[in-house]
Every structure is written in structure tokens, then in C-alpha cells.
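Here is target.tsv, consisting of TSV, C-alpha atoms:
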chain	number	residue	atom	x	y	z
B	141	ASN	CA	163.09	-20.80	71.00
B	142	ALA	CA	160.61	-20.45	73.83
B	143	GLY	CA	160.74	-16.64	73.56
B	144	VAL	CA	159.80	-14.88	76.79
B	145	THR	CA	158.50	-17.12	79.55
B	146	GLN	CA	156.90	-16.08	82.82
B	147	THR	CA	156.08	-17.99	85.99
B	148	PRO	CA	153.68	-18.39	87.61
B	149	LYS	CA	150.68	-17.83	85.31
B	150	PHE	CA	148.34	-17.15	88.20
B	151	GLN	CA	148.90	-16.23	91.84
B	152	VAL	CA	146.72	-15.22	94.76
B	153	LEU	CA	148.33	-13.50	97.73
B	154	LYS	CA	147.13	-12.10	101.00
B	155	THR	CA	147.95	-8.51	101.89
B	156	GLY	CA	151.46	-8.34	103.31
B	157	GLN	CA	152.75	-11.52	101.70
B	158	SER	CA	155.78	-11.44	99.45
B	159	MET	CA	156.50	-13.14	96.17
B	160	THR	CA	158.78	-13.05	93.15
B	161	LEU	CA	157.61	-13.13	89.56
B	162	GLN	CA	160.05	-14.84	87.26
B	163	CYS	CA	160.87	-13.93	83.68
B	164	ALA	CA	163.34	-15.48	81.28
B	165	GLN	CA	164.15	-15.03	77.61
B	166	ASP	CA	166.24	-17.22	75.36
B	167	MET	CA	166.71	-14.73	72.51
B	168	ASN	CA	169.95	-13.20	73.81
B	169	HIS	CA	168.32	-9.79	74.22
B	170	ASN	CA	170.04	-7.14	76.29
B	171	SER	CA	167.02	-5.09	77.36
B	172	MET	CA	164.23	-6.43	79.53
B	173	TYR	CA	161.12	-4.78	80.96
B	174	TRP	CA	158.37	-5.30	83.53
B	175	TYR	CA	154.90	-3.83	82.94
B	176	ARG	CA	151.60	-4.00	84.73
B	177	GLN	CA	148.25	-3.89	82.98
B	178	ASP	CA	145.09	-2.84	84.76
B	179	PRO	CA	141.54	-3.02	83.35
B	180	GLY	CA	140.82	-0.28	80.86
B	181	MET	CA	144.40	0.92	80.91
B	182	GLY	CA	147.41	0.43	78.78
B	183	LEU	CA	150.63	-1.12	79.97
B	184	ARG	CA	152.62	0.88	82.49
B	185	LEU	CA	156.33	0.38	82.93
B	186	ILE	CA	157.44	-0.70	86.41
B	187	TYR	CA	161.17	-1.29	85.94
B	188	TYR	CA	163.52	-2.00	83.08
B	189	SER	CA	167.01	-3.28	82.57
B	190	ALA	CA	169.05	-2.04	79.65
B	191	SER	CA	171.67	-4.72	80.14
B	192	GLU	CA	172.88	-7.31	82.59
B	193	GLY	CA	173.78	-5.65	85.87
B	194	THR	CA	171.71	-2.49	85.37
B	195	THR	CA	168.15	-1.67	86.38
B	196	ASP	CA	166.15	1.55	86.35
B	197	LYS	CA	162.76	2.72	87.56
B	198	GLY	CA	159.89	3.16	85.18
B	199	GLU	CA	156.59	4.96	85.62
B	200	VAL	CA	155.21	2.99	88.61
B	201	PRO	CA	158.09	1.46	90.63
B	202	ASN	CA	156.75	1.93	94.15
B	203	GLY	CA	156.22	-1.35	96.00
B	204	TYR	CA	158.42	-3.36	93.65
B	205	ASN	CA	162.03	-4.42	93.36
B	206	VAL	CA	163.81	-6.14	90.49
B	207	SER	CA	166.87	-8.26	89.93
B	208	ARG	CA	168.65	-8.84	86.64
B	209	LEU	CA	170.15	-12.15	87.62
B	210	ASN	CA	171.92	-12.69	84.32
B	211	LYS	CA	171.30	-11.87	80.69
B	212	ARG	CA	168.39	-14.32	80.48
B	213	GLU	CA	166.51	-13.62	83.69
B	214	PHE	CA	164.78	-10.54	85.12
B	215	SER	CA	162.68	-11.02	88.25
B	216	LEU	CA	160.12	-8.75	89.88
B	217	ARG	CA	159.61	-8.90	93.65
B	218	LEU	CA	156.75	-7.69	95.77
B	219	GLU	CA	158.02	-7.44	99.35
B	220	SER	CA	154.67	-6.70	100.97
B	221	ALA	CA	151.77	-7.15	98.59
B	222	ALA	CA	148.87	-4.70	98.63
B	223	PRO	CA	145.44	-4.95	96.97
B	224	SER	CA	146.45	-2.09	94.67
B	225	GLN	CA	149.01	-4.45	93.16
B	226	THR	CA	146.30	-6.71	91.82
B	227	SER	CA	147.04	-6.67	88.11
B	228	VAL	CA	148.37	-8.62	85.15
B	229	TYR	CA	152.15	-8.41	84.94
B	230	PHE	CA	154.01	-8.68	81.66
B	231	CYS	CA	157.68	-9.12	81.07
B	232	ALA	CA	159.23	-8.11	77.75
B	233	SER	CA	162.60	-8.13	76.08
B	234	ARG	CA	164.02	-6.18	73.15
B	235	PRO	CA	166.77	-7.07	70.72
B	236	PRO	CA	169.48	-4.47	70.13
B	237	GLY	CA	168.82	-2.13	67.24
B	238	LEU	CA	165.13	-2.94	66.90
B	239	ASN	CA	162.05	-1.12	68.15
B	240	GLU	CA	159.99	-4.21	68.85
B	241	GLN	CA	159.55	-5.54	72.37
B	242	PHE	CA	158.68	-9.23	72.72
B	243	PHE	CA	156.19	-9.95	75.48
B	244	GLY	CA	155.65	-12.96	77.69
B	245	PRO	CA	152.20	-14.47	78.35
B	246	GLY	CA	151.72	-12.59	81.63
B	247	THR	CA	151.14	-13.38	85.30
B	248	ARG	CA	147.71	-12.66	86.72
B	249	LEU	CA	148.14	-11.60	90.35
B	250	THR	CA	145.34	-11.09	92.85
B	251	VAL	CA	146.05	-9.59	96.27
B	252	LEU	CA	143.29	-10.09	98.81
X	89	GLY	CA	151.99	15.55	80.87
X	90	GLU	CA	152.61	13.56	77.73
X	91	SER	CA	150.06	10.92	76.86
X	92	VAL	CA	148.99	8.50	74.20
X	93	GLY	CA	145.23	8.15	73.88
X	94	LEU	CA	142.62	6.53	71.71
X	95	HIS	CA	139.48	8.04	70.18
X	96	LEU	CA	137.29	4.93	70.47
X	97	PRO	CA	137.47	2.28	73.14
X	98	THR	CA	135.53	-0.28	71.04
X	99	LEU	CA	135.07	-1.00	67.36
X	100	SER	CA	132.80	-3.60	65.82
X	101	VAL	CA	133.08	-4.54	62.14
X	102	GLN	CA	131.81	-7.19	59.77
X	103	GLU	CA	134.15	-9.84	58.47
X	104	GLY	CA	135.68	-8.68	55.22
X	105	ASP	CA	135.30	-4.98	55.95
X	106	ASN	CA	138.23	-2.68	56.50
X	107	SER	CA	138.95	-1.51	60.06
X	108	ILE	CA	140.45	1.77	61.15
X	109	ILE	CA	141.75	2.21	64.68
X	110	ASN	CA	142.78	5.68	65.75
X	111	CYS	CA	145.26	7.02	68.26
X	112	ALA	CA	146.05	10.56	69.38
X	113	TYR	CA	149.38	11.47	70.88
X	114	SER	CA	150.59	14.63	72.53
X	115	ASN	CA	154.39	14.38	72.51
X	116	SER	CA	155.51	16.00	69.29
X	117	ALA	CA	159.09	14.86	70.03
X	118	SER	CA	158.29	11.15	69.81
X	119	ASP	CA	160.72	9.27	67.58
X	120	TYR	CA	158.53	6.40	66.53
X	121	PHE	CA	155.23	4.72	67.14
X	122	ILE	CA	154.28	1.07	67.41
X	123	TRP	CA	151.03	-0.80	67.12
X	124	TYR	CA	150.52	-3.90	69.25
X	125	LYS	CA	147.77	-6.51	69.15
X	126	GLN	CA	146.70	-8.28	72.32
X	127	GLU	CA	144.45	-11.31	72.17
X	128	SER	CA	142.51	-12.36	75.23
X	129	GLY	CA	144.77	-13.95	77.85
X	130	LYS	CA	147.97	-13.30	75.91
X	131	GLY	CA	150.76	-10.80	75.89
X	132	PRO	CA	150.90	-7.96	73.34
X	133	GLN	CA	152.23	-8.85	69.91
X	134	PHE	CA	154.05	-6.41	67.63
X	135	ILE	CA	152.17	-5.51	64.44
X	136	ILE	CA	153.96	-2.63	62.80
X	137	ASP	CA	155.93	0.49	63.63
X	138	ILE	CA	156.54	3.83	61.98
X	139	ARG	CA	159.22	6.42	62.44
X	140	SER	CA	158.27	10.03	63.01
X	141	ASN	CA	159.82	11.08	59.68
X	142	MET	CA	157.39	8.88	57.76
X	143	ASP	CA	153.73	9.43	56.85
X	144	LYS	CA	152.76	5.92	55.91
X	145	ARG	CA	153.97	2.38	56.27
X	146	GLN	CA	152.42	-0.80	54.96
X	147	GLY	CA	152.63	-4.36	56.14
X	148	GLN	CA	150.68	-7.48	55.39
X	149	ARG	CA	147.01	-6.34	55.40
X	150	VAL	CA	147.89	-3.44	57.70
X	151	THR	CA	148.76	0.17	57.04
X	152	VAL	CA	149.79	2.76	59.59
X	153	LEU	CA	149.30	6.44	58.85
X	154	LEU	CA	150.95	9.22	60.79
X	155	ASN	CA	149.69	12.79	60.71
X	156	LYS	CA	152.13	14.90	62.66
X	157	THR	CA	150.19	18.11	62.06
X	158	VAL	CA	147.31	16.92	64.21
X	159	LYS	CA	149.32	14.35	66.19
X	160	HIS	CA	147.23	11.47	65.01
X	161	LEU	CA	148.07	7.87	64.26
X	162	SER	CA	145.85	5.26	62.66
X	163	LEU	CA	146.01	1.54	61.98
X	164	GLN	CA	144.10	0.26	58.99
X	165	ILE	CA	143.36	-3.44	58.69
X	166	ALA	CA	142.21	-4.62	55.28
X	167	ALA	CA	139.64	-7.42	54.85
X	168	THR	CA	139.23	-7.88	58.59
X	169	GLN	CA	139.03	-11.48	59.74
X	170	PRO	CA	137.68	-13.04	62.95
X	171	GLY	CA	141.26	-13.70	64.00
X	172	ASP	CA	141.82	-9.95	64.07
X	173	SER	CA	139.50	-9.63	67.07
X	174	ALA	CA	141.70	-8.28	69.86
X	175	VAL	CA	142.68	-5.16	71.76
X	176	TYR	CA	144.96	-2.89	69.76
X	177	PHE	CA	147.40	-0.54	71.48
X	178	CYS	CA	149.45	2.27	70.09
X	179	ALA	CA	152.68	3.08	71.87
X	180	GLU	CA	155.20	5.85	71.44
X	181	TYR	CA	158.90	6.09	72.05
X	182	SER	CA	160.16	9.52	72.98
X	183	GLY	CA	163.90	9.11	72.99
X	184	GLY	CA	166.60	7.96	75.35
X	185	SER	CA	168.80	4.92	75.26
X	186	ASN	CA	166.52	2.51	77.05
X	187	TYR	CA	163.65	2.40	74.58
X	188	LYS	CA	160.91	2.99	77.09
X	189	LEU	CA	157.47	2.93	75.53
X	190	THR	CA	154.35	4.82	76.57
X	191	PHE	CA	151.20	2.85	75.80
X	192	GLY	CA	147.70	4.07	75.07
X	193	LYS	CA	144.65	2.53	76.73
X	194	GLY	CA	143.70	0.30	73.82
X	195	THR	CA	140.79	-0.26	71.41
X	196	LEU	CA	138.79	-3.48	71.45
X	197	LEU	CA	138.13	-4.67	67.90
X	198	THR	CA	135.34	-7.20	67.46
X	199	VAL	CA	134.90	-8.86	64.07
X	200	ASN	CA	131.45	-10.25	63.42
X	201	PRO	CA	131.18	-13.24	61.05

Can the structure in the file be given as C-alpha cells, please?
Amino acid sequence: NAGVTQTPKFQVLKTGQSMTLQCAQDMNHNSMYWYRQDPGMGLRLIYYSASEGTTDKGEVPNGYNVSRLNKREFSLRLESAAPSQTSVYFCASRPPGLNEQFFGPGTRLTVL
Amino acid sequence: GESVGLHLPTLSVQEGDNSIINCAYSNSASDYFIWYKQESGKGPQFIIDIRSNMDKRQGQRVTVLLNKTVKHLSLQIAATQPGDSAVYFCAEYSGGSNYKLTFGKGTLLTVNP
């Protein structure tokens, strides 16, 4: 089991560029989540997906879109990147019936 | 609004000592609480959780205490080791079917050899 994988690990964008952050899990989990982590702050939920085919907004969804492509994959898209989106992005998944969320290694994004 | 906060942003201890990391929460309706450990450059890793109807829960070298009267949560690490150096987050779950967590800002634990 690879667990939760994220690509890329690092990315630098210019303001206005677009990109998609990829996340995949091989644990057959239904629920998946996208968080951002800024210096000195805890993780903030951007979007989540309770199951394949469903997505919902979290605490800070503005400027982002998501796609739950299938049970394994949950992608996060920035259509027009802004410097305020400079952050570390974490994807997580959760098995049914358990409280624990399993996190990926993160993507460090810098928007110039 | 509801929030999960931490009393101390940093904690430095000697190897072998016990560590106590504190967390204050404001949502009295939270169902359970989780402690996560995040090492530098890695994603958060689950340590232990506790349901709101419990006062104490023990794991391997870790104990979580929940005081609902003062809305306070603590993580105790026994015989702290250098490998315990990390940022520790508490998170709360306040209900709903999608298990959304609210995270605190984190405490940096440094273990000195």
C-alpha cells in the first residue's frame, strides 16, 4: 500500500497560471479531503468528498475547484493562481467508521 | 465563532522527560478530538483520539486527557525521545456525516538530547 500520494511535491507558478494538484489513495476509502497549511496556522479545509461523485465546500473554497474522478482520485484545481494561494496543500482520506484521516506528503506551491 | 487553540506555540524538553501539550477548544458540542503529529516536511500523522464522553485515553507512551468543564485537552508524552520532535495539532470534530475536522494552530515540540 502506498497510502495517500500527491503530485507534484513542489510547484512554482506565476500569477494567473492554472494547475491541478493530484491526489490518489489505494486504501479503498470513501472520503477524501483537501487542506491548505499556512505558516503558523493549522490545516484549513478547502473541499471534501464524502464519496465518489460528491464534493462539498470546506472553510476556504474560493479560488479552487475539485474533481472526484473515481474512488481513488481527488484532484484540486487552481484556475487562476494568486499569491495568496502560496501554501502547502495536503490531501487526506478517511476509512468508513473511523475517525482517523490519513494524510499525503503534501505539495508545496509558490505563486509569484 | 468556534475555534480550537493552543496555549503554547513552542515547548522544549529534555530527552527522557515527560511532555505535556495543551489545547483549548470552544465548541462544547464537539463529538471527539484527535491529536496529530507532523514532522518537518511530512503530512500529519494520527496519534490518538478521544470521544467527548471520555475523560482519559491511553496509547503507547501517550495519554490524552479531556476536561469538558474548562474545555481543555492535553496530550502527555512519556519519556520523550528525539523522534518525538515535531509539531502537534489538536483537531475537533463537531458532528455531521462528512467528518470535517477543525484544526488548532499547533505546538512545536523540541526534544533536546

Subject >> Selection: 6 Å around Thr145 (chain B), only C-alpha atoms, excl. self and same-chain fewer than 2 positions, as a PyMOL selection string >> reply: chain B and resi 163-164+244

Cut-off 9 Å: closest chain B/chain X atom pairs per residue, using only C-alpha atoms, as a tab-separated table:
residue	atom	partner	partner_atom	distance
B:Ser171	CA	X:Asn186	CA	7.6
B:Tyr173	CA	X:Lys188	CA	8.7
B:Gly180	CA	X:Lys193	CA	6.3
B:Met181	CA	X:Lys193	CA	4.5
B:Gly182	CA	X:Lys193	CA	4.0
B:Leu183	CA	X:Phe191	CA	5.8
B:Arg184	CA	X:Phe191	CA	7.1
B:Leu185	CA	X:Lys188	CA	7.9
B:Tyr188	CA	X:Asn186	CA	8.1
B:Ser189	CA	X:Asn186	CA	8.0
B:Ala190	CA	X:Asn186	CA	5.8
B:Gly198	CA	X:Lys188	CA	8.2
B:Phe230	CA	X:Gly131	CA	7.0
B:Cys231	CA	X:Gly131	CA	8.8
B:Arg234	CA	X:Tyr187	CA	8.7
B:Asn239	CA	X:Tyr187	CA	7.5
B:Glu240	CA	X:Phe134	CA	6.5
B:Gln241	CA	X:Phe134	CA	7.3
B:Phe242	CA	X:Gln133	CA	7.0
B:Phe243	CA	X:Gly131	CA	5.5
B:Gly244	CA	X:Gly131	CA	5.6
B:Pro245	CA	X:Gly131	CA	4.6
B:Gly246	CA	X:Gly131	CA	6.1

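Restricting the calculation to only C-alpha atoms, the smallest distance between Ser224 (chain B) and any of B:Leu252, B:Val144, B:Met159, B:Met167 is found for B:Leu252.
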
Subject >> Distance query 10 Å from (133.0, -2.8, 73.8) using only C-alpha atoms, result as an NGL selection string >> reply: :X and (96-100 or 195-198)

Original post:
Just how far from CA of Tyr113 (chain X) is CA of Asn155 (chain X), in Å to one decimal?
Top reply: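 Atom-to-atom, CA of Asn155 (chain X) and CA of Tyr113 (chain X) are spaced 10.3 Å apart.
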
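Across the structure, CA of Val228 (chain B) and CA of Ser114 (chain X) are spaced 26.5 Å apart.
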
**OP:** Would you work out the distance separating CA of Val101 (chain X) from CA of Thr157 (chain X), expressed in Å to one decimal?
**Re:** 28.4 Å

Original post:
Smallest atom-to-atom distance to Thr160 (chain B): which of B:Ala232, B:Ile186, B:Leu249, B:Met172, using all atoms listed in the file?
Top reply: B:Leu249

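Close contacts of Val158 (chain X), defined as residues with an atom at most 12 Å away when counting only C-alpha atoms, with chain neighbours fewer than 2 positions off set aside, comprise Cys111, Ala112, Tyr113, Ser114, Asn115, Ser116, Leu153, Leu154, Asn155, Lys156, His160, Leu161 and Ser162 of chain X.
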
**OP:** Tell me, as a list in words, which residues lie within 12 Å of Thr226 (chain B), counting all atoms listed in the file; anything in the same chain fewer than 6 positions away does not count.
**Re:**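 Within the cut-off, the hits are Phe150, Gln151, Val152, Leu153, Lys154, Thr155, Arg176, Gln177, Asp178, Pro179, Leu218, Thr247, Arg248, Leu249, Thr250, Val251 and Leu252 of chain B.
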
Output region 149-162 of chain B with N, CA and C atoms present, as a PDB file, in the coordinates of the input.
ATOM      1  N   LYS B 149     151.715 -18.415  86.159  1.00  0.00           N
ATOM      2  CA  LYS B 149     150.680 -17.830  85.310  1.00  0.00           C
ATOM      3  C   LYS B 149     149.617 -17.147  86.151  1.00  0.00           C
ATOM      4  N   PHE B 150     149.337 -17.704  87.293  1.00  0.00           N
ATOM      5  CA  PHE B 150     148.340 -17.150  88.200  1.00  0.00           C
ATOM      6  C   PHE B 150     148.882 -17.206  89.629  1.00  0.00           C
ATOM      7  N   GLN B 151     148.488 -16.238  90.448  1.00  0.00           N
ATOM      8  CA  GLN B 151     148.900 -16.230  91.840  1.00  0.00           C
ATOM      9  C   GLN B 151     147.900 -15.422  92.660  1.00  0.00           C
ATOM     10  N   VAL B 152     147.551 -15.954  93.826  1.00  0.00           N
ATOM     11  CA  VAL B 152     146.720 -15.220  94.760  1.00  0.00           C
ATOM     12  C   VAL B 152     147.518 -15.038  96.044  1.00  0.00           C
ATOM     13  N   LEU B 153     147.602 -13.820  96.518  1.00  0.00           N
ATOM     14  CA  LEU B 153     148.330 -13.500  97.730  1.00  0.00           C
ATOM     15  C   LEU B 153     147.414 -12.815  98.729  1.00  0.00           C
ATOM     16  N   LYS B 154     147.799 -12.894  99.964  1.00  0.00           N
ATOM     17  CA  LYS B 154     147.130 -12.100 101.000  1.00  0.00           C
ATOM     18  C   LYS B 154     147.944 -10.822 101.217  1.00  0.00           C
ATOM     19  N   THR B 155     147.272  -9.783 101.624  1.00  0.00           N
ATOM     20  CA  THR B 155     147.950  -8.510 101.890  1.00  0.00           C
ATOM     21  C   THR B 155     149.125  -8.746 102.848  1.00  0.00           C
ATOM     22  N   GLY B 156     150.287  -8.209 102.472  1.00  0.00           N
ATOM     23  CA  GLY B 156     151.460  -8.340 103.310  1.00  0.00           C
ATOM     24  C   GLY B 156     152.390  -9.477 102.932  1.00  0.00           C
ATOM     25  N   GLN B 157     151.896 -10.423 102.144  1.00  0.00           N
ATOM     26  CA  GLN B 157     152.750 -11.520 101.700  1.00  0.00           C
ATOM     27  C   GLN B 157     153.727 -11.017 100.640  1.00  0.00           C
ATOM     28  N   SER B 158     154.795 -11.792 100.468  1.00  0.00           N
ATOM     29  CA  SER B 158     155.780 -11.440  99.450  1.00  0.00           C
ATOM     30  C   SER B 158     155.841 -12.528  98.396  1.00  0.00           C
ATOM     31  N   MET B 159     156.302 -12.155  97.220  1.00  0.00           N
ATOM     32  CA  MET B 159     156.500 -13.140  96.170  1.00  0.00           C
ATOM     33  C   MET B 159     157.385 -12.558  95.082  1.00  0.00           C
ATOM     34  N   THR B 160     157.941 -13.437  94.276  1.00  0.00           N
ATOM     35  CA  THR B 160     158.780 -13.050  93.150  1.00  0.00           C
ATOM     36  C   THR B 160     158.203 -13.601  91.866  1.00  0.00           C
ATOM     37  N   LEU B 161     158.036 -12.722  90.892  1.00  0.00           N
ATOM     38  CA  LEU B 161     157.610 -13.130  89.560  1.00  0.00           C
ATOM     39  C   LEU B 161     158.869 -13.341  88.712  1.00  0.00           C
ATOM     40  N   GLN B 162     158.875 -14.486  88.044  1.00  0.00           N
ATOM     41  CA  GLN B 162     160.050 -14.840  87.260  1.00  0.00           C
ATOM     42  C   GLN B 162     159.833 -14.571  85.779  1.00  0.00           C
TER      43      GLN B 162
END
